[in-house]
$ cat my_file33.tsv   # TSV, C-alpha atoms
chain	number	residue	atom	x	y	z
A	26	MET	CA	98.80	94.75	119.73
A	27	ASN	CA	98.86	98.18	121.32
A	28	LYS	CA	102.64	98.02	121.63
A	29	LEU	CA	102.91	96.80	118.03
A	30	PHE	CA	101.00	99.79	116.67
A	31	SER	CA	102.93	102.22	118.88
A	32	ARG	CA	106.23	100.83	117.63
A	33	ARG	CA	105.14	101.01	114.00
A	34	ARG	CA	103.81	104.51	114.46
A	35	SER	CA	107.18	105.64	115.83
A	36	GLN	CA	109.00	104.02	112.91
A	37	HIS	CA	106.56	105.66	110.49
A	38	PHE	CA	107.21	109.09	112.02
A	39	ILE	CA	110.97	108.61	111.73
A	40	LEU	CA	110.61	107.64	108.06
A	41	LEU	CA	108.43	110.64	107.28
A	42	LEU	CA	110.71	113.04	109.13
A	43	ARG	CA	113.69	111.84	107.13
A	44	TYR	CA	111.92	112.76	103.89
A	45	TRP	CA	110.28	115.93	105.23
A	46	ARG	CA	113.71	117.34	106.02
A	47	LEU	CA	114.69	116.86	102.39
A	48	VAL	CA	111.43	118.28	101.05
A	49	PHE	CA	111.22	121.37	103.25
A	50	ASN	CA	114.66	122.76	102.53
A	51	ASP	CA	115.44	126.47	102.78
A	52	HIS	CA	114.53	127.29	99.19
A	53	PHE	CA	111.23	125.41	99.25
A	54	VAL	CA	110.13	126.86	102.60
A	55	ILE	CA	110.78	130.40	101.40
A	56	ALA	CA	108.93	129.72	98.17
A	57	LEU	CA	105.97	128.21	100.05
A	58	PHE	CA	105.89	131.21	102.37
A	59	PHE	CA	105.54	133.60	99.44
A	60	LEU	CA	103.18	131.36	97.45
A	61	PHE	CA	100.73	130.85	100.32
A	62	GLY	CA	101.01	134.51	101.18
A	63	ALA	CA	100.19	135.40	97.59
A	64	LEU	CA	97.18	133.08	97.56
A	65	ALA	CA	95.94	134.50	100.87
A	66	TYR	CA	96.33	138.04	99.56
A	67	GLY	CA	94.48	137.19	96.34
A	68	TYR	CA	91.74	135.50	98.37
A	69	SER	CA	91.32	138.58	100.56
A	70	GLN	CA	91.15	140.84	97.52
A	71	TRP	CA	88.55	138.62	95.84
A	72	LEU	CA	86.11	138.42	98.77
A	73	PRO	CA	84.99	142.10	98.69
A	74	THR	CA	83.93	141.66	95.06
A	75	LEU	CA	81.33	139.03	96.03
A	76	GLY	CA	77.71	139.84	96.62
A	77	PRO	CA	75.42	138.18	99.19
A	78	HIS	CA	73.28	135.16	98.28
A	79	GLU	CA	74.58	134.56	94.79
A	80	TRP	CA	73.34	131.26	93.35
A	81	TRP	CA	76.78	129.78	92.64
A	82	THR	CA	78.38	130.50	96.02
A	83	ARG	CA	76.49	127.73	97.81
A	84	LEU	CA	77.56	125.27	95.10
A	85	ILE	CA	81.20	126.19	95.79
A	86	LEU	CA	80.69	125.68	99.53
A	87	ILE	CA	79.04	122.29	98.94
A	88	GLY	CA	81.91	121.23	96.71
A	89	TRP	CA	84.56	122.53	99.13
A	90	PHE	CA	83.18	120.72	102.19
A	91	THR	CA	82.83	117.55	100.13
A	92	VAL	CA	86.42	117.76	98.93
A	93	ILE	CA	88.02	118.47	102.33
A	94	ALA	CA	86.37	115.30	103.64
A	95	GLN	CA	88.55	113.35	101.19
A	96	ILE	CA	91.84	114.68	102.63
A	97	GLY	CA	93.50	112.28	105.05
A	98	ARG	CA	93.45	108.52	104.63
A	99	LEU	CA	93.32	105.58	107.00
A	100	ALA	CA	96.88	104.67	108.01
A	101	THR	CA	96.80	101.07	109.21
A	102	LEU	CA	100.60	100.56	108.90
A	103	ILE	CA	99.87	96.91	108.02
A	104	LYS	CA	102.76	95.10	106.34
A	105	LYS	CA	103.00	92.14	103.98
A	106	PRO	CA	103.98	89.50	106.60
A	107	ASP	CA	101.06	90.43	108.87
A	108	PRO	CA	98.54	87.99	107.29
A	109	VAL	CA	100.85	85.16	108.39
A	110	PHE	CA	101.98	86.31	111.83
A	111	LEU	CA	98.87	88.21	112.97
A	112	LEU	CA	96.21	85.90	111.55
A	113	PRO	CA	95.58	84.17	114.93
A	114	GLN	CA	95.03	87.59	116.56
A	115	VAL	CA	91.34	87.77	115.67
A	116	GLU	CA	90.36	89.95	118.62
A	117	GLY	CA	93.66	91.79	118.84
A	118	ILE	CA	93.55	93.02	115.27
A	119	HIS	CA	90.36	94.96	116.03
A	120	ARG	CA	92.12	96.76	118.87
A	121	TYR	CA	95.00	97.43	116.50
A	122	LEU	CA	92.66	98.88	113.87
A	123	ASN	CA	90.88	100.97	116.50
A	124	GLN	CA	94.19	102.59	117.37
A	125	ALA	CA	94.97	103.09	113.68
A	126	THR	CA	91.55	104.66	113.09
A	127	TRP	CA	91.88	107.12	115.98
A	128	TYR	CA	95.44	108.00	115.01
A	129	SER	CA	94.40	108.67	111.40
A	130	LEU	CA	91.23	110.48	112.45
A	131	ILE	CA	92.98	112.96	114.75
A	132	LEU	CA	95.45	114.01	112.05
A	133	ALA	CA	92.73	114.16	109.40
A	134	GLU	CA	90.41	116.24	111.60
A	135	ILE	CA	93.12	118.86	112.05
A	136	VAL	CA	93.35	119.24	108.27
A	137	THR	CA	89.55	119.30	108.04
A	138	VAL	CA	89.24	122.10	110.58
A	139	VAL	CA	91.90	124.10	108.71
A	140	GLY	CA	89.96	123.58	105.47
A	141	ALA	CA	86.76	124.78	107.16
A	142	PHE	CA	88.59	127.87	108.45
A	143	ILE	CA	89.73	128.65	104.91
A	144	ALA	CA	86.12	128.56	103.66
A	145	LEU	CA	84.74	130.54	106.61
A	146	PRO	CA	85.51	134.06	105.26
A	147	PHE	CA	83.88	133.11	101.95
A	148	ALA	CA	80.81	131.76	103.76
A	149	LEU	CA	80.51	134.83	105.99
A	150	THR	CA	80.75	137.10	102.94
A	151	THR	CA	78.00	135.36	100.99
A	152	GLU	CA	75.76	134.04	103.80
A	153	LYS	CA	74.28	135.41	107.02
A	154	LEU	CA	75.53	133.08	109.74
A	155	SER	CA	75.15	133.26	113.51
A	156	SER	CA	77.82	132.11	115.95
A	157	VAL	CA	75.92	128.89	116.67
A	158	GLU	CA	75.62	128.17	112.94
A	159	ILE	CA	79.35	128.68	112.48
A	160	VAL	CA	80.09	126.15	115.22
A	161	THR	CA	77.58	123.78	113.62
A	162	ILE	CA	79.35	124.08	110.27
A	163	PHE	CA	82.62	123.01	111.87
A	164	LEU	CA	80.87	120.09	113.56
A	165	VAL	CA	79.43	118.94	110.22
A	166	ALA	CA	82.91	119.00	108.68
A	167	ILE	CA	84.32	117.01	111.62
A	168	VAL	CA	81.53	114.43	111.52
A	169	ASN	CA	81.87	114.10	107.74
A	170	LYS	CA	85.54	113.22	108.13
A	171	ALA	CA	84.79	110.71	110.89
A	172	ASP	CA	82.19	109.12	108.61
A	173	TRP	CA	84.78	108.94	105.80
A	174	MET	CA	87.33	107.27	108.10
A	175	TYR	CA	84.92	104.60	109.30
A	176	VAL	CA	83.87	103.87	105.71
A	177	ALA	CA	87.57	103.29	105.00
A	178	ARG	CA	87.74	100.99	108.02
A	179	LYS	CA	84.68	99.09	106.78
A	180	SER	CA	86.24	98.64	103.33
A	181	LEU	CA	88.96	96.42	104.88
A	182	SER	CA	86.43	93.71	105.79
A	183	LEU	CA	85.75	90.44	103.99
A	184	ARG	CA	82.16	91.47	103.42
A	185	TRP	CA	82.84	94.82	101.74
A	186	GLY	CA	86.47	94.55	100.64
A	187	ASN	CA	85.57	93.31	97.17
A	188	GLN	CA	83.02	96.11	96.62
A	189	GLN	CA	85.45	98.99	96.32
A	190	TRP	CA	83.12	100.81	93.95
A	191	ARG	CA	80.61	101.06	96.78
A	192	THR	CA	83.27	102.38	99.14
A	193	ARG	CA	84.35	105.06	96.66
A	194	LEU	CA	80.71	106.04	96.23
A	195	GLU	CA	80.25	106.39	99.99
A	196	TYR	CA	83.45	108.45	100.25
A	197	TRP	CA	81.84	111.13	98.13
A	198	ALA	CA	78.11	110.61	98.59
A	199	ASN	CA	77.96	110.80	102.40
A	200	PRO	CA	79.74	114.18	102.82
A	201	LEU	CA	77.95	115.46	99.72
A	202	LEU	CA	74.53	114.72	101.20
A	203	ALA	CA	75.45	116.36	104.51
A	204	SER	CA	76.90	119.40	102.71
A	205	ILE	CA	73.82	119.78	100.53
A	206	ALA	CA	71.58	119.67	103.61
A	207	MET	CA	73.85	122.15	105.39
A	208	TRP	CA	73.99	124.80	102.67
A	209	LEU	CA	70.68	124.36	100.86
A	210	VAL	CA	68.55	123.90	104.00
A	211	ASN	CA	70.45	125.01	107.13
A	212	PRO	CA	73.51	123.89	109.15
A	213	TYR	CA	71.41	122.15	111.81
A	214	VAL	CA	69.79	119.82	109.29
A	215	GLY	CA	73.23	119.17	107.81
A	216	LEU	CA	74.54	118.14	111.24
A	217	VAL	CA	71.62	115.73	111.74
A	218	VAL	CA	72.21	114.15	108.34
A	219	ALA	CA	75.96	113.84	108.97
A	220	LEU	CA	75.39	112.23	112.40
A	221	ILE	CA	72.87	109.72	111.02
A	222	LEU	CA	75.21	108.65	108.21
A	223	CYS	CA	78.22	108.41	110.54
A	224	LEU	CA	76.41	106.43	113.25
A	225	ALA	CA	75.00	104.06	110.64
A	226	VAL	CA	78.50	103.26	109.43
A	227	ILE	CA	79.95	102.88	112.94
A	228	VAL	CA	77.15	100.71	114.35
A	229	TYR	CA	76.25	98.59	111.35
A	230	TYR	CA	79.74	97.85	110.04
A	231	ARG	CA	81.80	97.44	113.21
A	232	ASP	CA	83.86	94.35	114.15
A	233	LEU	CA	83.85	92.83	110.69
A	234	THR	CA	86.41	90.16	109.74
A	235	VAL	CA	89.51	91.70	108.16
A	236	ASN	CA	90.31	90.96	104.53
A	237	TRP	CA	94.09	90.81	104.80
A	238	ARG	CA	94.73	90.99	101.07
A	239	ILE	CA	92.72	94.20	100.76
A	240	ALA	CA	94.22	95.67	103.96
A	241	VAL	CA	97.79	95.12	102.73
A	242	LYS	CA	97.01	96.53	99.28
A	243	VAL	CA	95.28	99.64	100.66
A	244	GLU	CA	98.22	100.44	102.93
A	245	GLN	CA	100.71	99.86	100.12
A	246	ASP	CA	98.74	102.20	97.85
A	247	ARG	CA	98.65	104.85	100.58
A	248	MET	CA	102.40	104.68	101.18
A	249	TYR	CA	103.07	104.68	97.43
A	250	SER	CA	101.11	107.93	97.04
A	251	ILE	CA	103.20	109.46	99.84
A	252	TYR	CA	106.43	108.24	98.25
A	253	ARG	CA	105.37	109.71	94.91
A	254	PHE	CA	104.97	113.10	96.56
A	255	PHE	CA	108.41	112.82	98.14
A	256	ASN	CA	109.79	111.70	94.79
A	257	LEU	CA	108.92	115.13	93.39
A	258	PHE	CA	111.69	116.58	95.56
A	259	THR	CA	114.16	113.78	96.15
A	260	ASP	CA	114.98	110.29	94.89
A	261	VAL	CA	112.85	107.63	96.62
A	262	PRO	CA	114.18	104.08	95.96
A	263	SER	CA	110.73	102.48	96.21
A	264	VAL	CA	109.37	104.70	93.41
A	265	GLN	CA	110.85	103.86	90.05
A	266	GLY	CA	109.72	105.39	86.78
A	267	ASN	CA	109.08	103.40	83.63
A	268	THR	CA	111.09	104.19	80.51
A	269	LYS	CA	109.40	103.86	77.13
A	270	ARG	CA	109.88	105.17	73.61
A	271	ARG	CA	108.36	108.59	72.98
A	272	LYS	CA	108.91	109.70	69.40
A	273	TRP	CA	107.40	113.11	70.07
A	274	ALA	CA	110.30	113.88	72.42
A	275	ASP	CA	112.91	113.58	69.64
A	276	GLY	CA	112.31	117.17	68.60
A	277	LEU	CA	112.69	118.34	72.21
A	278	VAL	CA	116.02	116.48	72.51
A	279	GLN	CA	117.26	118.06	69.28
A	280	TRP	CA	116.29	121.52	70.52
A	281	LEU	CA	118.00	121.03	73.87
A	282	SER	CA	121.24	119.60	72.41
A	283	ARG	CA	123.85	120.85	69.95
A	284	ASN	CA	125.25	118.86	67.04
A	285	GLY	CA	128.72	117.47	67.58
A	286	GLN	CA	128.65	117.89	71.36
A	287	PRO	CA	128.40	114.52	73.20
A	288	TRP	CA	127.73	116.03	76.62
A	289	SER	CA	125.04	118.28	75.24
A	290	TYR	CA	123.26	115.26	73.74
A	291	LEU	CA	123.69	113.19	76.93
A	292	TYR	CA	122.29	115.90	79.17
A	293	ALA	CA	119.36	116.50	76.83
A	294	ARG	CA	118.51	112.79	76.78
A	295	ALA	CA	118.95	112.54	80.56
A	296	PHE	CA	116.60	115.45	81.16
A	297	VAL	CA	113.86	114.15	78.86
A	298	ARG	CA	114.08	110.54	80.06
A	299	SER	CA	114.67	111.16	83.77
A	300	THR	CA	111.42	110.78	85.70
A	301	GLU	CA	112.95	112.55	88.70
A	302	VAL	CA	114.24	115.75	87.07
A	303	SER	CA	111.86	116.30	84.15
A	304	GLY	CA	108.90	115.19	86.26
A	305	ILE	CA	109.50	117.69	89.03
A	306	VAL	CA	110.26	120.52	86.57
A	307	SER	CA	107.07	119.91	84.59
A	308	ARG	CA	104.90	119.62	87.73
A	309	LEU	CA	106.35	122.71	89.38
A	310	THR	CA	105.99	124.66	86.14
A	311	LEU	CA	102.35	123.65	85.86
A	312	LEU	CA	101.78	124.55	89.52
A	313	GLY	CA	103.43	127.94	89.04
A	314	MET	CA	101.28	128.62	85.98
A	315	VAL	CA	98.09	127.82	87.89
A	316	ILE	CA	99.05	130.00	90.86
A	317	VAL	CA	100.01	133.08	88.82
A	318	PHE	CA	96.90	132.67	86.67
A	319	LEU	CA	94.64	132.72	89.72
A	320	LEU	CA	96.37	135.67	91.35
A	321	PRO	CA	95.08	139.18	90.62
A	322	ALA	CA	97.38	141.13	88.34
A	323	GLY	CA	99.89	143.30	90.15
A	324	TRP	CA	103.24	143.30	91.90
A	325	LEU	CA	102.39	140.11	93.76
A	326	SER	CA	102.03	138.25	90.48
A	327	THR	CA	105.51	139.41	89.47
A	328	VAL	CA	107.00	138.25	92.78
A	329	VAL	CA	105.46	134.79	92.38
A	330	VAL	CA	106.75	134.55	88.78
A	331	VAL	CA	110.30	135.38	89.91
A	332	LEU	CA	110.17	132.91	92.83
A	333	SER	CA	108.69	130.12	90.71
A	334	ILE	CA	111.42	130.44	88.09
A	335	TYR	CA	114.14	130.41	90.74
A	336	LEU	CA	112.62	127.44	92.57
A	337	ILE	CA	112.38	125.36	89.41
A	338	ALA	CA	115.90	126.32	88.30
A	339	THR	CA	117.35	124.97	91.55
A	340	GLN	CA	115.75	121.58	90.90
A	341	LEU	CA	117.81	121.13	87.71
A	342	MET	CA	121.24	121.08	89.36
A	343	PRO	CA	121.31	117.35	90.35
A	344	LEU	CA	121.24	116.54	86.62
A	345	TYR	CA	124.93	117.45	86.42
A	346	ASP	CA	125.97	114.19	88.12
A	347	GLN	CA	123.63	112.04	86.04
A	348	TYR	CA	126.51	110.15	84.40
A	349	ALA	CA	129.09	110.42	87.20
A	350	ALA	CA	128.84	106.67	87.91
A	351	ASN	CA	129.48	105.78	84.26
A	352	ALA	CA	133.20	105.08	83.89
A	353	PHE	CA	133.17	105.55	80.10
A	354	THR	CA	132.24	109.23	80.37
A	355	HIS	CA	135.51	109.89	82.19
A	356	ILE	CA	137.59	108.79	79.20
A	357	TYR	CA	135.92	111.11	76.70
A	358	PRO	CA	138.58	113.27	74.94
A	359	ILE	CA	136.56	116.35	75.95
A	360	PRO	CA	137.73	118.99	78.43
A	361	ALA	CA	135.77	119.55	81.61
A	362	SER	CA	135.05	123.11	80.54
A	363	GLN	CA	133.07	121.80	77.56
A	364	GLN	CA	130.99	119.59	79.86
A	365	GLN	CA	130.20	122.59	82.05
A	366	ALA	CA	129.31	124.70	79.02
A	367	ASP	CA	126.95	122.03	77.67
A	368	PHE	CA	125.25	121.64	81.04
A	369	LYS	CA	124.89	125.39	81.40
A	370	GLN	CA	123.34	125.58	77.92
A	371	LEU	CA	120.73	122.96	78.87
A	372	LEU	CA	119.89	124.80	82.10
A	373	THR	CA	119.47	128.06	80.20
A	374	LYS	CA	117.11	126.58	77.61
A	375	VAL	CA	114.97	124.72	80.13
A	376	THR	CA	114.78	127.72	82.44
A	377	ALA	CA	113.90	130.01	79.54
A	378	LEU	CA	111.08	127.69	78.45
A	379	GLU	CA	109.49	127.36	81.88
A	380	ALA	CA	109.94	131.12	82.48
A	381	LEU	CA	108.08	131.82	79.24
A	382	LEU	CA	105.19	129.53	80.20
A	383	ILE	CA	104.82	130.95	83.72
A	384	ALA	CA	105.08	134.55	82.50
A	385	LEU	CA	102.42	133.93	79.84
A	386	ALA	CA	100.12	132.40	82.47
A	387	SER	CA	100.46	135.59	84.53
A	388	ILE	CA	97.94	137.23	82.19
A	389	SER	CA	95.58	135.87	84.89
A	390	TRP	CA	91.84	135.48	84.73
A	391	GLN	CA	91.58	139.27	84.42
A	392	LEU	CA	93.32	139.10	81.00
A	393	ASN	CA	95.78	141.84	81.94
A	394	VAL	CA	98.10	141.95	78.93
A	395	GLY	CA	100.18	144.80	80.35
A	396	GLN	CA	101.06	142.82	83.48
A	397	MET	CA	101.94	139.79	81.37
A	398	VAL	CA	104.35	141.87	79.23
A	399	ILE	CA	106.02	143.23	82.38
A	400	ASN	CA	106.39	139.71	83.76
A	401	LEU	CA	107.83	138.50	80.45
A	402	ILE	CA	110.52	141.21	80.55
A	403	ILE	CA	111.37	140.52	84.20
A	404	ALA	CA	111.43	136.74	83.55
A	405	ALA	CA	113.83	137.27	80.64
A	406	VAL	CA	116.13	139.36	82.83
A	407	GLU	CA	116.03	136.71	85.55
A	408	VAL	CA	116.95	133.94	83.09
A	409	VAL	CA	119.94	135.99	81.91
A	410	LEU	CA	121.07	136.56	85.50
A	411	LEU	CA	120.65	132.88	86.36
A	412	SER	CA	122.60	131.72	83.31
A	413	ARG	CA	125.39	134.30	83.68
A	414	PHE	CA	125.95	134.15	87.44
A	415	TYR	CA	123.92	131.60	89.42
A	416	PHE	CA	124.56	128.60	87.19
A	417	ASN	CA	128.27	129.35	87.01
A	418	VAL	CA	128.58	129.40	90.80
A	419	ARG	CA	126.54	126.23	91.27
A	420	VAL	CA	128.41	124.31	88.56
A	421	LYS	CA	131.75	125.23	90.12
A	422	LYS	CA	130.51	123.94	93.48
A	423	LEU	CA	129.45	120.68	91.87
A	424	MET	CA	132.92	120.26	90.38
A	425	LYS	CA	134.59	120.40	93.81
$ encode --input "my_file33.tsv" --output "structure tokens"
Amino acid sequence: MNKLFSRRRSQHFILLLRYWRLVFNDHFVIALFFLFGALAYGYSQWLPTLGPHEWWTRLILIGWFTVIAQIGRLATLIKKPDPVFLLPQVEGIHRYLNQATWYSLILAEIVTVVGAFIALPFALTTEKLSSVEIVTIFLVAIVNKADWMYVARKSLSLRWGNQQWRTRLEYWANPLLASIAMWLVNPYVGLVVALILCLAVIVYYRDLTVNWRIAVKVEQDRMYSIYRFFNLFTDVPSVQGNTKRRKWADGLVQWLSRNGQPWSYLYARAFVRSTEVSGIVSRLTLLGMVIVFLLPAGWLSTVVVVLSIYLIATQLMPLYDQYAANAFTHIYPIPASQQQADFKQLLTKVTALEALLIALASISWQLNVGQMVINLIIAAVEVVLLSRFYFNVRVKKLMK
């Protein structure tokens, strides 16, 4: 069983690496570098404005340490045929799950520690903490995540597998109780509460009989959530969108297309109906709006607006080959230059719309109208440059 898990873990790493290379391309890495840098800069500028012992700061810390305990799930790597071939391995499956738990826990604890580090400057600004208390806070976060992981392990059993509502309640209630004790009483009490809850789960629920149906479903749901994330950046065969009639989108198709131009209509319909292209554009636009809204007004907000528009514009290019596999489109009595012009027109309209939304969101929580107007002007200039130069170069490359 140990060799089985090691082999599956290696295969899982290879699968993830194949998609990670597609996700973290040059454009996305540069954009992430600037976006995280902008968030860090905004965070550092916000901290000096806080006063000590404000009533709402402890509520934020309680919520933060409860949320970071939810990051990182139990990766059992169990597959559909396992209930048939591994059913006789009653003792071996527990060793298998122990390896899966430790593997998942180590990766999750790394993320948890990073999350605690992010909250540490905020906690030090609003609370008086000694060095021992800081170490205790990190221990509470680590124990909370271990408690969460063993609750997930317990939920795969025959006894508790059909009570998923109870599992979901424990996911949130256990770290919430420890966080409340840590921030409303003191970190030492929070550590005691977290240890009691974690030990209770480990001791009381260990070595339970595996519910194979639940175990397979949980692992499939976990992998599907990962595939959905990858599907934001590239086409994942196991994630297929559902197509259904949306009458409200007719007006959007009419705005994106031009009368009497078949390619214009086809590209407009492809963009609206495609779950890969329109989905990633809408999500990235929403993400860009949230980021620029939270940033303090200034030059950094303008940089993020420009990068967001460029990043989203690059995601539209694969739409050009949407109908390349359709033989009938190659017999249209329409010159290739008209196809390029129609595609360029769609790119310009979509880019202009998402640039407008992101620039308007840059008014930020400070309601700085002047900064928003500046960002609107710069966004308009960027859209013109993209439509006049960038799109022409990229379309010519796609034609080769």
$ residues_around --input "my_file33.tsv" --residues "region 114-125 of chain A" --least-positions-apart "4" --cutoff "8 Å" --atoms "only C-alpha atoms" --output "ChimeraX atom specification"
/A:26-27,30,99-102,129,178,232
$ atom_distance --input "my_file33.tsv" --atom1 "CA of Asp172 (chain A)" --atom2 "CA of Val226 (chain A)"
7.0 Å
$ closest_residue --input "my_file33.tsv" --among "A:Val306, A:Val218, A:Ala293, A:Ala144" --to "Ser69 (chain A)" --atoms "all atoms listed in the file"
A:Ala144
$ closest_residue --input "my_file33.tsv" --among "A:Lys374, A:Met248, A:Tyr357, A:Ala177" --to "Thr192 (chain A)" --atoms "only C-alpha atoms"
A:Ala177
$ atom_distance --input "my_file33.tsv" --atom1 "CA of Leu181 (chain A)" --atom2 "CA of Asn236 (chain A)"
5.6 Å
$ closest_residue --input "my_file33.tsv" --among "A:Thr376, A:Ser326, A:Ser289, A:Asn393" --to "Ser307 (chain A)" --atoms "all atoms listed in the file"
A:Thr376
$ closest_atom_pairs --input "my_file33.tsv" --of "region 117-161 of chain A" --to "region 195-210 of chain A" --cutoff "12 Å" --atoms "only C-alpha atoms" --output "Markdown table"
| residue | atom | partner | partner_atom | distance |
| --- | --- | --- | --- | --- |
| A:Ala148 | CA | A:Trp208 | CA | 9.8 |
| A:Thr151 | CA | A:Trp208 | CA | 11.4 |
| A:Glu152 | CA | A:Trp208 | CA | 9.5 |
| A:Lys153 | CA | A:Trp208 | CA | 11.5 |
| A:Leu154 | CA | A:Trp208 | CA | 11.0 |
| A:Glu158 | CA | A:Met207 | CA | 9.8 |
| A:Ile159 | CA | A:Met207 | CA | 11.1 |
| A:Thr161 | CA | A:Met207 | CA | 9.2 |
$ closest_residue --input "my_file33.tsv" --among "A:Ser303, A:Val243, A:Ala380, A:Leu277" --to "Val331 (chain A)" --atoms "only C-alpha atoms"
A:Ala380
$ atom_distance --input "my_file33.tsv" --atom1 "CA of Leu281 (chain A)" --atom2 "CA of Val302 (chain A)"
14.7 Å
$ residues_around --input "my_file33.tsv" --residues "Pro73 (chain A)" --least-positions-apart "6" --cutoff "12 Å" --atoms "all atoms listed in the file" --output "MDAnalysis selection string"
chainID A and resid 67 146:147 149:151
$ closest_residue --input "my_file33.tsv" --among "A:Leu378, A:Leu64, A:Ile239, A:Ile87" --to "Gln189 (chain A)" --atoms "all atoms listed in the file"
A:Ile239
$ closest_residue --input "my_file33.tsv" --among "A:Arg46, A:Arg191, A:Lys170, A:Lys272" --to "Arg98 (chain A)" --atoms "all atoms listed in the file"
A:Lys170
$ decode --input "my_file33.tsv" --residues "region 246-257 of chain A" --atoms "N, CA, C and O atoms" --output "PDB file, in the first residue's frame"
ATOM      1  N   ASP A 246     -14.579  15.116  -6.334  1.00  0.00           N
ATOM      2  CA  ASP A 246     -14.941  16.525  -6.151  1.00  0.00           C
ATOM      3  C   ASP A 246     -13.701  17.396  -5.975  1.00  0.00           C
ATOM      4  O   ASP A 246     -13.628  18.519  -6.494  1.00  0.00           O
ATOM      5  N   ARG A 247     -12.717  16.873  -5.243  1.00  0.00           N
ATOM      6  CA  ARG A 247     -11.482  17.646  -5.047  1.00  0.00           C
ATOM      7  C   ARG A 247     -10.761  17.854  -6.371  1.00  0.00           C
ATOM      8  O   ARG A 247     -10.319  18.972  -6.687  1.00  0.00           O
ATOM      9  N   MET A 248     -10.621  16.796  -7.159  1.00  0.00           N
ATOM     10  CA  MET A 248      -9.926  16.916  -8.440  1.00  0.00           C
ATOM     11  C   MET A 248     -10.718  17.798  -9.410  1.00  0.00           C
ATOM     12  O   MET A 248     -10.128  18.543 -10.197  1.00  0.00           O
ATOM     13  N   TYR A 249     -12.050  17.723  -9.328  1.00  0.00           N
ATOM     14  CA  TYR A 249     -12.862  18.554 -10.225  1.00  0.00           C
ATOM     15  C   TYR A 249     -12.671  20.034  -9.909  1.00  0.00           C
ATOM     16  O   TYR A 249     -12.616  20.875 -10.819  1.00  0.00           O
ATOM     17  N   SER A 250     -12.543  20.373  -8.628  1.00  0.00           N
ATOM     18  CA  SER A 250     -12.297  21.774  -8.263  1.00  0.00           C
ATOM     19  C   SER A 250     -10.936  22.238  -8.778  1.00  0.00           C
ATOM     20  O   SER A 250     -10.784  23.394  -9.202  1.00  0.00           O
ATOM     21  N   ILE A 251      -9.940  21.351  -8.749  1.00  0.00           N
ATOM     22  CA  ILE A 251      -8.624  21.694  -9.294  1.00  0.00           C
ATOM     23  C   ILE A 251      -8.698  21.870 -10.807  1.00  0.00           C
ATOM     24  O   ILE A 251      -8.137  22.822 -11.370  1.00  0.00           O
ATOM     25  N   TYR A 252      -9.396  20.961 -11.471  1.00  0.00           N
ATOM     26  CA  TYR A 252      -9.536  21.063 -12.926  1.00  0.00           C
ATOM     27  C   TYR A 252     -10.285  22.337 -13.329  1.00  0.00           C
ATOM     28  O   TYR A 252      -9.992  22.938 -14.369  1.00  0.00           O
ATOM     29  N   ARG A 253     -11.247  22.739 -12.535  1.00  0.00           N
ATOM     30  CA  ARG A 253     -11.987  23.964 -12.843  1.00  0.00           C
ATOM     31  C   ARG A 253     -11.072  25.182 -12.753  1.00  0.00           C
ATOM     32  O   ARG A 253     -11.205  26.122 -13.542  1.00  0.00           O
ATOM     33  N   PHE A 254     -10.148  25.163 -11.799  1.00  0.00           N
ATOM     34  CA  PHE A 254      -9.179  26.257 -11.729  1.00  0.00           C
ATOM     35  C   PHE A 254      -8.283  26.254 -12.964  1.00  0.00           C
ATOM     36  O   PHE A 254      -8.050  27.301 -13.574  1.00  0.00           O
ATOM     37  N   PHE A 255      -7.783  25.087 -13.341  1.00  0.00           N
ATOM     38  CA  PHE A 255      -6.941  25.013 -14.537  1.00  0.00           C
ATOM     39  C   PHE A 255      -7.722  25.411 -15.781  1.00  0.00           C
ATOM     40  O   PHE A 255      -7.156  25.970 -16.725  1.00  0.00           O
ATOM     41  N   ASN A 256      -9.017  25.118 -15.781  1.00  0.00           N
ATOM     42  CA  ASN A 256      -9.843  25.419 -16.942  1.00  0.00           C
ATOM     43  C   ASN A 256     -10.013  26.915 -17.158  1.00  0.00           C
ATOM     44  O   ASN A 256     -10.432  27.350 -18.234  1.00  0.00           O
ATOM     45  N   LEU A 257      -9.695  27.720 -16.136  1.00  0.00           N
ATOM     46  CA  LEU A 257      -9.718  29.167 -16.316  1.00  0.00           C
ATOM     47  C   LEU A 257      -8.627  29.632 -17.262  1.00  0.00           C
ATOM     48  O   LEU A 257      -8.736  30.712 -17.860  1.00  0.00           O
TER      49      LEU A 257
END
